[in-house]
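Next comes upload-v7.txt, a file with compact mmCIF, C-alpha atoms.
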# COMPACT_ATOMS: atom_id res chain seq x y z
CA MET A 1131 -53.84 31.30 -11.23
CA GLU A 1132 -50.35 32.03 -9.99
CA GLU A 1133 -48.20 34.55 -11.79
CA PRO A 1134 -45.13 32.96 -13.37
CA MET A 1135 -41.95 33.83 -11.51
CA ASN A 1136 -38.40 33.98 -12.73
CA ARG A 1137 -36.98 31.20 -10.56
CA PRO A 1138 -33.41 29.97 -10.20
CA PRO A 1139 -32.53 26.57 -11.69
CA GLY A 1140 -32.86 23.43 -9.63
CA PRO A 1141 -33.44 19.67 -9.77
CA LEU A 1142 -36.61 18.59 -11.55
CA GLY A 1143 -37.59 15.85 -9.10
CA GLY A 1144 -40.33 13.28 -9.54
CA ARG A 1145 -43.71 14.19 -10.95
CA LEU A 1146 -45.72 13.44 -7.81
CA ALA A 1147 -43.26 13.51 -4.91
CA GLY A 1148 -40.86 16.12 -6.27
CA ASN A 1149 -37.41 16.03 -4.68
CA GLY A 1150 -38.66 14.81 -1.30
CA PRO A 1151 -37.70 11.12 -1.59
CA VAL A 1152 -34.16 11.85 -2.82
CA TYR A 1153 -33.74 14.57 -0.19
CA ASP A 1154 -34.91 12.23 2.59
CA GLN A 1155 -32.35 9.55 1.63
CA ASP A 1156 -29.41 11.87 2.38
CA ARG A 1157 -30.49 15.38 3.32
CA LEU A 1158 -27.08 16.96 3.75
CA GLY A 1159 -25.66 15.12 0.74
CA PHE A 1160 -28.57 16.27 -1.42
CA MET A 1161 -28.16 19.90 -0.34
CA VAL A 1162 -24.39 19.84 -0.94
CA GLN A 1163 -24.74 18.11 -4.32
CA MET A 1164 -27.43 20.53 -5.53
CA SER A 1165 -25.45 23.56 -4.29
CA ASP A 1166 -22.37 22.26 -6.13
CA LYS A 1167 -24.44 21.75 -9.28
CA PHE A 1168 -26.66 24.87 -9.24
CA GLY A 1169 -24.74 27.34 -7.09
CA ALA A 1170 -25.59 29.26 -3.93
CA ILE A 1171 -29.21 29.91 -4.96
CA TRP A 1172 -31.38 27.16 -6.45
CA SER A 1173 -35.00 25.99 -6.57
CA PHE A 1174 -35.85 22.95 -4.46
CA ASP A 1175 -39.35 22.92 -5.97
CA ARG A 1176 -42.04 25.37 -7.20
CA HIS A 1177 -42.39 26.94 -3.76
CA ILE A 1178 -38.97 26.68 -2.11
CA VAL A 1179 -35.78 28.47 -3.10
CA VAL A 1180 -32.62 27.42 -1.28
CA VAL A 1181 -30.10 30.11 -0.42
CA ALA A 1182 -26.98 28.17 0.55
CA ASP A 1183 -24.73 31.12 1.34
CA PRO A 1184 -25.05 32.66 4.84
CA ALA A 1185 -24.45 36.23 3.64
CA LEU A 1186 -27.01 35.91 0.87
CA ALA A 1187 -29.50 34.25 3.23
CA GLY A 1188 -29.15 37.21 5.61
CA GLU A 1189 -29.77 39.59 2.74
CA VAL A 1190 -32.87 37.67 1.65
CA LEU A 1191 -34.27 37.71 5.20
CA THR A 1192 -33.55 41.42 5.51
CA ARG A 1193 -35.11 42.34 2.18
CA THR A 1194 -38.13 40.01 2.10
CA ASN A 1195 -41.46 41.87 1.85
CA THR A 1196 -39.74 44.76 0.12
CA ASP A 1197 -37.87 43.31 -2.87
CA PHE A 1198 -39.05 39.71 -3.14
CA GLY A 1199 -42.33 37.95 -3.98
CA ALA A 1200 -45.34 37.81 -1.68
CA GLU A 1201 -45.41 35.39 1.23
CA VAL A 1202 -47.45 32.23 0.95
CA ASP A 1203 -49.00 30.30 3.80
CA PHE A 1204 -48.41 26.59 4.41
CA LEU A 1205 -51.18 25.73 1.93
CA HIS A 1206 -49.39 27.87 -0.68
CA ARG A 1207 -52.22 30.38 -0.94
CA LYS A 1208 -51.04 33.85 -1.83
CA GLN A 1209 -51.32 36.30 1.06
CA LYS A 1210 -53.14 39.58 0.78
CA ASP A 1211 -50.98 42.30 -0.71
CA ASP A 1212 -52.31 45.11 1.46
CA ALA A 1213 -49.86 47.24 3.46
CA GLN A 1214 -51.15 46.09 6.86
CA THR A 1215 -50.63 42.40 6.05
CA LYS A 1216 -47.14 43.05 4.70
CA GLN A 1217 -46.26 44.97 7.86
CA GLN A 1218 -47.56 42.13 10.06
CA TRP A 1219 -45.43 39.60 8.16
CA ALA A 1220 -42.36 41.84 8.37
CA SER A 1221 -42.83 42.41 12.12
CA SER A 1222 -43.36 38.70 12.74
CA ARG A 1223 -40.21 37.78 10.79
CA ALA A 1224 -38.18 40.45 12.58
CA ALA A 1225 -39.28 39.11 15.96
CA ARG A 1226 -38.32 35.54 15.01
CA MET A 1227 -34.99 36.49 13.50
CA ARG A 1228 -33.59 38.77 16.22
CA TYR A 1229 -32.09 35.76 17.99
CA MET A 1230 -30.25 34.76 14.82
CA ARG A 1231 -28.45 38.07 14.31
CA PRO A 1232 -24.64 37.93 14.50
CA SER A 1233 -24.56 39.75 17.85
CA SER A 1234 -27.02 37.26 19.38
CA MET A 1235 -25.24 34.29 17.87
CA GLN A 1236 -21.86 35.45 19.22
CA ALA A 1237 -23.18 35.12 22.75
CA LYS A 1238 -24.17 31.51 22.03
CA VAL A 1239 -20.75 30.40 20.76
CA PRO A 1240 -19.36 29.32 24.19
CA GLY A 1241 -22.43 27.15 24.86
CA ILE A 1242 -22.25 25.59 21.42
CA ALA A 1243 -18.52 24.94 21.80
CA ALA A 1244 -19.07 23.34 25.22
CA GLU A 1245 -21.82 21.09 23.85
CA LEU A 1246 -19.64 20.03 20.91
CA ASP A 1247 -16.68 19.35 23.21
CA ALA A 1248 -18.77 17.32 25.66
CA GLY A 1249 -20.42 15.37 22.86
CA ILE A 1250 -17.21 14.47 21.04
CA SER A 1251 -15.39 13.70 24.31
CA SER A 1252 -18.12 11.21 25.23
CA TRP A 1253 -17.44 9.15 22.10
CA GLY A 1254 -14.31 7.62 23.55
CA SER A 1255 -11.90 5.74 21.31
CA GLY A 1256 -12.35 2.91 18.86
CA GLU A 1257 -14.60 2.56 15.86
CA ILE A 1258 -17.78 4.62 15.78
CA ASP A 1259 -20.44 5.46 13.22
CA VAL A 1260 -19.45 9.07 12.66
CA VAL A 1261 -22.56 9.92 10.62
CA ASP A 1262 -24.95 8.75 13.35
CA ARG A 1263 -22.94 10.44 16.08
CA MET A 1264 -22.72 13.72 14.16
CA ARG A 1265 -26.46 13.65 13.42
CA ALA A 1266 -27.22 13.24 17.10
CA LEU A 1267 -24.70 15.91 18.07
CA THR A 1268 -26.01 18.32 15.44
CA ALA A 1269 -29.56 17.78 16.71
CA ARG A 1270 -28.40 18.41 20.27
CA VAL A 1271 -26.52 21.59 19.34
CA GLY A 1272 -29.53 22.74 17.31
CA ALA A 1273 -31.75 22.23 20.35
CA VAL A 1274 -29.31 24.21 22.49
CA LEU A 1275 -29.30 26.99 19.92
CA CYS A 1276 -33.07 27.12 19.53
CA LEU A 1277 -34.29 26.20 23.00
CA GLY A 1278 -31.49 27.45 25.26
CA GLU A 1279 -31.82 26.31 28.85
CA ASN A 1280 -34.82 24.12 27.96
CA ALA A 1281 -32.89 22.15 25.34
CA HIS A 1282 -32.72 19.08 27.57
CA LEU A 1283 -36.47 18.68 27.16
CA ALA A 1284 -36.02 18.06 23.41
CA TRP A 1285 -34.28 14.74 24.05
CA GLY A 1286 -36.33 13.68 27.05
CA GLU A 1287 -33.93 14.51 29.88
CA THR A 1288 -35.53 15.79 33.05
CA SER A 1289 -32.60 17.83 34.32
CA SER A 1290 -30.85 20.63 32.49
CA MET A 1291 -27.65 20.18 30.50
CA ARG A 1292 -24.34 19.12 32.00

Could you show the structure in this file as structure tokens?
Amino acid sequence: MEEPMNRPPGPLGGRLAGNGPVYDQDRLGFMVQMSDKFGAIWSFDRHIVVVADPALAGEVLTRTNTDFGAEVDFLHRKQKDDAQTKQQWASSRAARMRYMRPSSMQAKVPGIAAELDAGISSWGSGEIDVVDRMRALTARVGAVLCLGENAHLAWGETSSMR
């Protein structure tokens, strides 16, 4: 049996599907609405806590495994609490997060700016569906951020970016 945790407030959601269906209808809108209602830290469900403030998110990632609850795997089974397992989780997280540190992100700004400029410039003039275009552009910029020079593979292009 899981130990009860003192969790931040959040939307109740449906009994079987939780908040998933409402979230899937308008993901960004749901996140903004819940952050407006519950603040920078809120519970999406029993297992997920949203930290909607970049500075706080950085603090959570830095302090996890020292100040916060134990990690759970994708089946929500509690991980072993032994020191070796905690160290493995901390090392794994540190390796994944080093590319998201401010110094690493600063180096990516010119590439992100170029991708945004090229994307928006390609829209031309006249009426467009801004939401669809921004979703596609956000996905493209996300691929550039996460995949770097191999980002073109994410959207099926055979040659590298412009």

> What is the atom CA of Ala1182 of chain A to atom CA of Ala1237 of chain A distance in Å?
Replying inline: 23.6 Å

>> As an exercise, work out the distance from atom CA of Val1260 of chain A to atom CA of Glu1245 of chain A in Å and give it to one decimal place.
In response: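 Result for atom CA of Val1260 of chain A versus atom CA of Glu1245 of chain A: 16.6 Å, one decimal.
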
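One distance worth recording is that between atom CA of Arg1137 of chain A and atom CA of Gly1150 of chain A, which is 18.9 Å.
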
>> Please list as a count of residues only every residue within 9 Å of Pro1139 of chain A, counting all atoms listed in the file and excluding residues in the same chain fewer than 6 positions away.
In response: 5

> For Leu1275 of chain A, which of A:Gly1159, A:Gly1140, A:Gly1249, A:Gly1241 is the closest residue, counting all atoms listed in the file?
Replying inline: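 Distance minimum relative to Leu1275 of chain A lands on A:Gly1241.
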
>> Please list as a list in words every residue within 12 Å of Tyr1153 of chain A, counting only C-alpha atoms and excluding residues in the same chain fewer than 6 positions away.
In response: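 Using only C-alpha atoms, the neighbours found are Pro1141, Gly1143, Gly1144, Ala1147, Gly1159, Phe1160, Met1161, Val1162, Gln1163, Met1164, Phe1174 and Asp1175 of chain A.
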
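With all atoms listed in the file as the atoms that count, the residue of A:Gly1148, A:Leu1267, A:Pro1240, A:Ala1187 with the shortest distance to Ser1252 of chain A is A:Leu1267.
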
> Quick one: residues within 12 Å of Pro1184 of chain A, only C-alpha atoms counted, chain neighbours fewer than 6 positions away excluded, as an MDAnalysis selection string?
Replying inline: chainID A and resid 1170:1171 1190:1191 1230:1232

>> Restricting the calculation to all atoms listed in the file: of A:Ile1178, A:Lys1167, A:Met1235, A:Leu1158, which residue gets closest to Thr1268 of chain A?
In response: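 For Thr1268 of chain A, the nearest of the candidates is A:Leu1158.
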
> Between A:Gln1214, A:Ala1269, A:Asp1183, A:Ser1165, which is the closest to Ala1281 of chain A once you count all atoms listed in the file?
Replying inline: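 When distances to Ala1281 of chain A are compared using all atoms listed in the file, the smallest one comes from A:Ala1269.
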